[in-house]
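Okay, structure first, notes after.
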Amino acid sequence: MKLLYLLPGNVEIGLGLDEMERRRGILQKYAAAGTEVLIDYVRSGPASIESEYEELIASVETIQRIVEAEKQGIDGVIIGCYGDPGLDGAREMVKIPVIGPGAASAYMAAMLSHRFSIVTITESIVPALENLILKNGLDRKLASVRATNVSVLDIHRDPDAARRRALEEAALARDQDRADCIVLGCMSLAFTEANFAMAETLGIPVVNPAIASLKMLEAVAASGLSHSKKAFQTPPKFLNH
């Protein structure tokens, strides 16, 4: 199957094209035999997404690109931002499965634990992530959302420092918030692959949203499933487009 990982940000003014290809390589490494991972980005998106405002800016072209991907024969799409920008709108417009890393990793954490905490980037995104968990009906399982106060682009510049801060906040979530599972709440943090060393140090599972969303999309697509078109109805005015 062919799966597309779509970054809602403009990597040309942010992370850079080399980083985009590095991420594709990581996803391909974890992909099942027979899965080809493609990667693309949204040209009109911001350099990074750290607020709901930036998510909204990125959402329109994200949805348009997913519509194009379906026409090109792509079997499924991952929206490459932890906040899942444009997810519901994309599901209204296509029939192929579209997965958001925020929801995918939260459901996986909820399955593996009694209470999970999200370790994310800046304080500015904490309320949006709390709303994301509430929207997905998992608020009773959420122990906390903790911010490292390391921005998306700073993670890219100094991944070792980002890993250290993520581990510090994750330990506090475990010890003070009674979390028994951690979710990395940022895709740039996910692509540092910090989850393995963190899990070993903390003694609890650490869910990487990049891997979680890839594996969930593979499972859904391989099972011949997609989102419900009764839940995500295509607006009648677009039915013939």
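Just so we're on the same page: first chain in the structure tokens is A, next is B, and so on; residues restart at 1 for each chain, and ligands are numbered from 1 in the order they show up.
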Please return, as an NGL selection string, all residues of segment 39-177 of chain A that DSSP assigns to helix (DSSP H, G or I) on the basis of the backbone. :A and (52-71 or 87-93 or 101-112 or 123-135 or 139-141 or 152-157 or 159-176)
Dump as JSON lines the rows for residues of segment 169-191 of chain A within 12 Å of segment 25-47 of chain A: closest atom pair and distance in Å with one decimal, only C-alpha atoms counted, ordered by chain and rising residue number.
{"residue": "A:Met187", "atom": "CA", "partner": "A:Leu27", "partner_atom": "CA", "distance": 11.9}
{"residue": "A:Ala190", "atom": "CA", "partner": "A:Ile26", "partner_atom": "CA", "distance": 10.5}
{"residue": "A:Phe191", "atom": "CA", "partner": "A:Ile26", "partner_atom": "CA", "distance": 7.7}
So which residues touch Ile182 of chain A within 12 Å, counting only C-alpha atoms, skipping near sequence neighbours fewer than 2 positions away, as a PyMOL selection string? chain A and resi 105-106+108-110+112-120+141-146+166-175+177-180+184-185+190+194-196+198-199+202-209
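Minimum distance to Ser223 of chain A across A:Cys81, A:Met1, A:Val11, A:Leu134 (counting only C-alpha atoms) occurs at A:Met1.
For the residues A:Glu218, A:Asp160, A:Asp84, A:Glu70, ranking by smallest atom-to-atom distance to Ile49 of chain A using only C-alpha atoms places A:Asp84 first.
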Please, which residues of segment 112-235 of chain A, numbered as in this document, come out strand (DSSP E or B) from DSSP, as JSON, numbers by chain? {"A": [116, 117, 118, 119, 120, 142, 143, 144, 145, 146, 147, 181, 182, 183, 184, 206, 207]}
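Nearest to Leu239 of chain A of all the residues A:Met93, A:Glu52, A:Asp139, A:Gly102 is A:Met93, counting only C-alpha atoms.
Across the structure, atom CA of Arg157 of chain A and atom CA of Val183 of chain A are spaced 21.6 Å apart.
Of the residues under consideration (A:Ala162, A:Ile96, A:Ile57, A:Ala104), A:Ala162 shows the shortest atom-to-atom contact distance to Thr148 of chain A when counting only C-alpha atoms.
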Determine the nearest neighbour of Gly100 of chain A from the options A:Ile13, A:Ile74, A:Leu6, A:Val60, counting only C-alpha atoms. A:Leu6
Given only C-alpha atoms, how would the per-residue table for segment 146-168 of chain A near segment 14-21 of chain A read, listing every residue at most 12 Å away with its closest atom pair and distance in Å to one decimal, sorted by chain and number, as a tab-separated table?
residue	atom	partner	partner_atom	distance
A:Ser151	CA	A:Gly14	CA	11.9
A:Val152	CA	A:Leu15	CA	8.9
A:Leu153	CA	A:Leu15	CA	6.9
A:Asp154	CA	A:Leu15	CA	10.0
A:Ile155	CA	A:Leu15	CA	10.0
A:His156	CA	A:Leu15	CA	7.1
A:Arg157	CA	A:Leu15	CA	9.2
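With only C-alpha atoms taken into account, the protein and nucleic acid residues at most 12 Å from Asp75 of chain A (excluding it and anything under 6 positions from it in its own chain) are A:Met1, A:Lys2, A:Leu3, A:Leu4, A:Tyr5, A:Thr35, A:Glu36, A:Val37, A:Leu38, A:Ile66, A:Val67, A:Glu68, A:Ala69, A:Val94, A:Lys95, A:Ile96, A:Pro97, A:Val98, A:Ile99, A:Leu217, A:Glu218, A:Ala219, A:Val220, A:Ala221, A:Ala222, A:Ser223, A:Gly224, A:Leu225, A:Ser226.
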